[in-house]
Amino acid sequence: SFFPDNTPFFSDPAGDANDEDAEKAAELLDEAGWILDPASGKRTNAEGEALAVKLVAYPHRPGLGIMQPRIAETLEDLGISVESVLTGDDWSETQEIIDGEDFDLLMWAQHTLPAGDPGWFLNAFFRTDGGKNMGCFASSDVDGMLDELSTIEDPQGRVEASNALQARLMEEVPISNLVTPDWHVGLSERVRDYKPWGSDYYVIRSDLHRQDIQEGTQPQQQQEEGEEASNEDERFYSIWGT
């Protein structure tokens with residue numbers, strides 16, 4: 001699923017297909033004409049061309065760089081040559097790779113339910129002209145389903161429509177969801193009644209405004225030592241394929 005299992009938008013249409021199955025992966029590569037050479041341990045096609053991919057990650061989300069070698073190792077075990085690129089701190093380097101489509105697999109960290117609704121994420125990443133459609137995924141069916149989603153106001157209707165979209169997208173797998181990590185947030189006494197969403201914090205309640213904090217003075221109530229709460233975060237780490 002593109003969304004955590006503690007949200008109403010969780011859906012797992014792929015089921016056991018998400019499980020790692022190296023033997024099945026090898027069979028699919030064989031069927032596609034990429035044959036493993038036992039001597040070199042590499043896969044080539046009928047023209048003798050090696051199967052190679054460029055795997056790109058950026059350092060601003062440390063989890064990507066941690067997972068990148070593991071992904072490369074898994075692919076190499078299948079006979080696929082991997083060029084791993086971890087870009088620098090200057091975002092322009094990563095942006096240049098994205099704009100030039102100079103990657104085969106792009107690792108990405110993203111909140112998928114900003115403000116608690118899947119509409120922005122699904123449109124940005126999977127609409128043909130979506131602003132975050134870095135893999136250049138194009139489907140008139142998906143575009144039509146996104147159009148329909150935009151007209152639905154009923155909460156349960158939005159859940160059902162997003163689940164249908166996930167099922168359709170899983171047929172082509174333009175991205176692979178790798179992990180949904182936990183985030184831990186500390187809460188103080190002065191916002192005791194505030195319940196954070198597992199997403200970016202949208203502080204839209206005027207009653208949470210603290211004049212003493214705004215003016216740089218000490219609040220009347222102090223955070224109790226060790227007070228902490230945790231909540232699931234909608235950030236997931238994914239991998240784009242061109």
# chains A, B, ... in the order shown; residues from 1 in each chain; ligands from 1

$ closest_atom_pairs --of "stretch 91-143 of chain A" --to "stretch 70-78 of chain A" --cutoff "12 Å" --atoms "only C-alpha atoms" --output "CSV"
residue,atom,partner,partner_atom,distance
A:Leu105,CA,A:Ile71,CA,10.3
A:Leu106,CA,A:Ile71,CA,11.5
A:Met107,CA,A:Ile71,CA,10.2

$ residues_around --residues "A:Cys136" --least-positions-apart "4" --cutoff "12 Å" --atoms "only C-alpha atoms" --output "PDB file with C-alpha atoms, in the first residue's frame"
ATOM      1  CA  ILE A  98      15.837  14.064 -12.418  1.00  0.00           C
ATOM      2  CA  ASP A  99      15.369  16.658 -15.152  1.00  0.00           C
ATOM      3  CA  GLY A 100      17.664  14.740 -17.488  1.00  0.00           C
ATOM      4  CA  GLU A 101      16.007  11.408 -16.622  1.00  0.00           C
ATOM      5  CA  PHE A 103      18.514   7.245 -13.775  1.00  0.00           C
ATOM      6  CA  ASP A 104      16.927   3.843 -13.985  1.00  0.00           C
ATOM      7  CA  ALA A 124       1.359  14.634  -8.114  1.00  0.00           C
ATOM      8  CA  PHE A 125       3.023  11.249  -8.602  1.00  0.00           C
ATOM      9  CA  PHE A 126       0.751   9.363 -10.992  1.00  0.00           C
ATOM     10  CA  ARG A 127      -1.066  11.869 -13.196  1.00  0.00           C
ATOM     11  CA  THR A 128       0.507  11.978 -16.659  1.00  0.00           C
ATOM     12  CA  ASP A 129       1.589  15.593 -16.201  1.00  0.00           C
ATOM     13  CA  GLY A 130       1.975  15.394 -12.410  1.00  0.00           C
ATOM     14  CA  GLY A 131       4.566  17.648 -10.826  1.00  0.00           C
ATOM     15  CA  LYS A 132       6.267  14.722  -9.043  1.00  0.00           C
ATOM     16  CA  PRO A 174       5.481   2.642 -11.379  1.00  0.00           C
ATOM     17  CA  ILE A 175       6.912   2.845  -7.870  1.00  0.00           C
ATOM     18  CA  TRP A 240      11.007   5.191  -8.962  1.00  0.00           C
ATOM     19  CA  GLY A 241      11.782   3.392 -12.193  1.00  0.00           C
ATOM     20  CA  THR A 242      12.042   5.019 -15.602  1.00  0.00           C
TER      21      THR A 242
END

$ residues_around --residues "A:Phe3" --least-positions-apart "3" --cutoff "8 Å" --atoms "only C-alpha atoms" --output "ChimeraX atom specification"
/A:7,9-11,112-113,234

$ atom_distance --atom1 "atom CA of A:Gly41" --atom2 "atom CA of A:Gly65"
25.5 Å

$ select_by_dssp --residues "stretch 17-222 of chain A" --states "strand (DSSP E or B)" --output "ChimeraX atom specification"
/A:35-37,42-44,50,52-57,81-86,105-111,175-179,182-185

$ residues_around --residues "stretch 142-158 of chain A" --least-positions-apart "5" --cutoff "9 Å" --atoms "only C-alpha atoms" --output "PyMOL selection string"
chain A and resi 8-9+117-119+122-123+126-128+163-165+168-169

$ write_last_selection --atoms "N, CA and C atoms" --output "compact mmCIF listing (two decimals), in the first residue's frame"
# COMPACT_ATOMS: atom_id res chain seq x y z
N PRO A 8 -7.35 4.81 7.08
CA PRO A 8 -8.43 4.19 6.31
C PRO A 8 -8.07 3.96 4.85
N PHE A 9 -6.98 4.59 4.38
CA PHE A 9 -6.61 4.46 2.98
C PHE A 9 -5.66 3.30 2.72
N ASP A 117 -5.26 13.29 3.51
CA ASP A 117 -6.00 12.89 2.32
C ASP A 117 -5.03 12.49 1.22
N PRO A 118 -5.35 11.44 0.43
CA PRO A 118 -4.41 10.95 -0.59
C PRO A 118 -4.42 11.71 -1.90
N GLY A 119 -5.32 12.68 -2.07
CA GLY A 119 -5.50 13.32 -3.36
C GLY A 119 -4.25 13.96 -3.92
N LEU A 122 -1.49 11.21 -4.95
CA LEU A 122 -1.85 10.42 -6.12
C LEU A 122 -1.79 11.25 -7.40
N ASN A 123 -2.24 12.50 -7.33
CA ASN A 123 -2.20 13.36 -8.51
C ASN A 123 -0.78 13.77 -8.87
N PHE A 126 1.24 10.32 -10.00
CA PHE A 126 0.75 9.36 -10.99
C PHE A 126 -0.05 9.96 -12.13
N ARG A 127 -0.42 11.23 -12.04
CA ARG A 127 -1.07 11.87 -13.20
C ARG A 127 -0.01 12.06 -14.28
N THR A 128 -0.44 11.93 -15.54
CA THR A 128 0.51 11.98 -16.66
C THR A 128 1.39 13.21 -16.61
N ASN A 163 -8.56 3.28 -3.07
CA ASN A 163 -8.23 1.86 -3.11
C ASN A 163 -8.27 1.32 -4.53
N ALA A 164 -9.25 1.77 -5.31
CA ALA A 164 -9.33 1.35 -6.71
C ALA A 164 -8.12 1.86 -7.49
N LEU A 165 -7.69 3.07 -7.20
CA LEU A 165 -6.50 3.62 -7.84
C LEU A 165 -5.26 2.82 -7.49
N ARG A 168 -5.21 -0.38 -9.45
CA ARG A 168 -4.86 -0.15 -10.85
C ARG A 168 -3.37 0.13 -10.99
N LEU A 169 -2.81 0.91 -10.10
CA LEU A 169 -1.39 1.25 -10.18
C LEU A 169 -0.51 0.03 -9.92

$ decode --residues "stretch 144-155 of chain A" --atoms "all heavy atoms" --output "PDB file, in the first residue's frame"
ATOM      1  N   GLY A 144      -8.170   9.372 -15.608  1.00  0.00           N
ATOM      2  CA  GLY A 144      -9.618   9.423 -15.459  1.00  0.00           C
ATOM      3  C   GLY A 144     -10.058   9.106 -14.041  1.00  0.00           C
ATOM      4  O   GLY A 144     -10.992   9.745 -13.520  1.00  0.00           O
ATOM      5  N   MET A 145      -9.413   8.151 -13.422  1.00  0.00           N
ATOM      6  CA  MET A 145      -9.745   7.796 -12.036  1.00  0.00           C
ATOM      7  C   MET A 145      -9.388   8.935 -11.083  1.00  0.00           C
ATOM      8  O   MET A 145     -10.098   9.193 -10.106  1.00  0.00           O
ATOM      9  CB  MET A 145      -9.030   6.512 -11.637  1.00  0.00           C
ATOM     10  CG  MET A 145      -9.473   5.286 -12.432  1.00  0.00           C
ATOM     11  SD  MET A 145      -8.483   3.804 -12.110  1.00  0.00           S
ATOM     12  CE  MET A 145      -9.148   3.311 -10.504  1.00  0.00           C
ATOM     13  N   LEU A 146      -8.300   9.635 -11.384  1.00  0.00           N
ATOM     14  CA  LEU A 146      -7.923  10.792 -10.572  1.00  0.00           C
ATOM     15  C   LEU A 146      -8.937  11.923 -10.742  1.00  0.00           C
ATOM     16  O   LEU A 146      -9.276  12.618  -9.773  1.00  0.00           O
ATOM     17  CB  LEU A 146      -6.521  11.275 -10.957  1.00  0.00           C
ATOM     18  CG  LEU A 146      -5.372  10.365 -10.522  1.00  0.00           C
ATOM     19  CD1 LEU A 146      -4.070  10.793 -11.201  1.00  0.00           C
ATOM     20  CD2 LEU A 146      -5.203  10.390  -9.008  1.00  0.00           C
ATOM     21  N   ASP A 147      -9.432  12.104 -11.953  1.00  0.00           N
ATOM     22  CA  ASP A 147     -10.472  13.102 -12.190  1.00  0.00           C
ATOM     23  C   ASP A 147     -11.708  12.780 -11.352  1.00  0.00           C
ATOM     24  O   ASP A 147     -12.325  13.674 -10.748  1.00  0.00           O
ATOM     25  CB  ASP A 147     -10.849  13.145 -13.672  1.00  0.00           C
ATOM     26  CG  ASP A 147      -9.751  13.737 -14.544  1.00  0.00           C
ATOM     27  OD1 ASP A 147      -8.883  14.440 -14.006  1.00  0.00           O
ATOM     28  OD2 ASP A 147      -9.759  13.464 -15.761  1.00  0.00           O
ATOM     29  N   GLU A 148     -12.066  11.511 -11.317  1.00  0.00           N
ATOM     30  CA  GLU A 148     -13.241  11.103 -10.550  1.00  0.00           C
ATOM     31  C   GLU A 148     -13.009  11.316  -9.056  1.00  0.00           C
ATOM     32  O   GLU A 148     -13.901  11.777  -8.346  1.00  0.00           O
ATOM     33  CB  GLU A 148     -13.557   9.632 -10.831  1.00  0.00           C
ATOM     34  CG  GLU A 148     -14.794   9.131 -10.093  1.00  0.00           C
ATOM     35  CD  GLU A 148     -15.103   7.673 -10.382  1.00  0.00           C
ATOM     36  OE1 GLU A 148     -14.364   7.073 -11.192  1.00  0.00           O
ATOM     37  OE2 GLU A 148     -16.070   7.150  -9.809  1.00  0.00           O
ATOM     38  N   LEU A 149     -11.813  10.979  -8.582  1.00  0.00           N
ATOM     39  CA  LEU A 149     -11.498  11.165  -7.165  1.00  0.00           C
ATOM     40  C   LEU A 149     -11.677  12.624  -6.746  1.00  0.00           C
ATOM     41  O   LEU A 149     -12.139  12.913  -5.650  1.00  0.00           O
ATOM     42  CB  LEU A 149     -10.067  10.705  -6.877  1.00  0.00           C
ATOM     43  CG  LEU A 149      -9.547  10.926  -5.449  1.00  0.00           C
ATOM     44  CD1 LEU A 149     -10.341  10.084  -4.449  1.00  0.00           C
ATOM     45  CD2 LEU A 149      -8.055  10.587  -5.368  1.00  0.00           C
ATOM     46  N   SER A 150     -11.329  13.544  -7.640  1.00  0.00           N
ATOM     47  CA  SER A 150     -11.400  14.964  -7.306  1.00  0.00           C
ATOM     48  C   SER A 150     -12.829  15.457  -7.103  1.00  0.00           C
ATOM     49  O   SER A 150     -13.043  16.528  -6.525  1.00  0.00           O
ATOM     50  CB  SER A 150     -10.725  15.793  -8.403  1.00  0.00           C
ATOM     51  OG  SER A 150     -11.472  15.754  -9.604  1.00  0.00           O
ATOM     52  N   THR A 151     -13.815  14.695  -7.565  1.00  0.00           N
ATOM     53  CA  THR A 151     -15.219  15.108  -7.434  1.00  0.00           C
ATOM     54  C   THR A 151     -15.898  14.497  -6.221  1.00  0.00           C
ATOM     55  O   THR A 151     -17.034  14.855  -5.906  1.00  0.00           O
ATOM     56  CB  THR A 151     -16.007  14.708  -8.690  1.00  0.00           C
ATOM     57  OG1 THR A 151     -16.114  13.266  -8.766  1.00  0.00           O
ATOM     58  CG2 THR A 151     -15.329  15.228  -9.956  1.00  0.00           C
ATOM     59  N   ILE A 152     -15.229  13.575  -5.536  1.00  0.00           N
ATOM     60  CA  ILE A 152     -15.845  12.845  -4.431  1.00  0.00           C
ATOM     61  C   ILE A 152     -15.601  13.569  -3.111  1.00  0.00           C
ATOM     62  O   ILE A 152     -14.445  13.845  -2.766  1.00  0.00           O
ATOM     63  CB  ILE A 152     -15.299  11.408  -4.358  1.00  0.00           C
ATOM     64  CG1 ILE A 152     -15.608  10.663  -5.662  1.00  0.00           C
ATOM     65  CG2 ILE A 152     -15.897  10.653  -3.161  1.00  0.00           C
ATOM     66  CD1 ILE A 152     -14.964   9.287  -5.756  1.00  0.00           C
ATOM     67  N   GLU A 153     -16.656  13.860  -2.381  1.00  0.00           N
ATOM     68  CA  GLU A 153     -16.540  14.522  -1.089  1.00  0.00           C
ATOM     69  C   GLU A 153     -16.770  13.574   0.078  1.00  0.00           C
ATOM     70  O   GLU A 153     -16.234  13.781   1.162  1.00  0.00           O
ATOM     71  CB  GLU A 153     -17.516  15.691  -1.015  1.00  0.00           C
ATOM     72  CG  GLU A 153     -17.247  16.781  -2.044  1.00  0.00           C
ATOM     73  CD  GLU A 153     -18.194  17.953  -1.909  1.00  0.00           C
ATOM     74  OE1 GLU A 153     -19.035  17.923  -0.974  1.00  0.00           O
ATOM     75  OE2 GLU A 153     -18.110  18.891  -2.719  1.00  0.00           O
ATOM     76  N   ASP A 154     -17.577  12.541  -0.132  1.00  0.00           N
ATOM     77  CA  ASP A 154     -17.876  11.591   0.936  1.00  0.00           C
ATOM     78  C   ASP A 154     -16.606  10.867   1.369  1.00  0.00           C
ATOM     79  O   ASP A 154     -15.892  10.302   0.512  1.00  0.00           O
ATOM     80  CB  ASP A 154     -18.905  10.567   0.450  1.00  0.00           C
ATOM     81  CG  ASP A 154     -19.136   9.459   1.464  1.00  0.00           C
ATOM     82  OD1 ASP A 154     -19.626   9.761   2.563  1.00  0.00           O
ATOM     83  OD2 ASP A 154     -18.796   8.298   1.142  1.00  0.00           O
ATOM     84  N   PRO A 155     -16.271  10.858   2.674  1.00  0.00           N
ATOM     85  CA  PRO A 155     -15.026  10.217   3.132  1.00  0.00           C
ATOM     86  C   PRO A 155     -14.897   8.760   2.720  1.00  0.00           C
ATOM     87  O   PRO A 155     -13.831   8.344   2.243  1.00  0.00           O
ATOM     88  CB  PRO A 155     -15.098  10.369   4.655  1.00  0.00           C
ATOM     89  CG  PRO A 155     -15.942  11.590   4.864  1.00  0.00           C
ATOM     90  CD  PRO A 155     -16.969  11.550   3.774  1.00  0.00           C
TER      91      PRO A 155
END
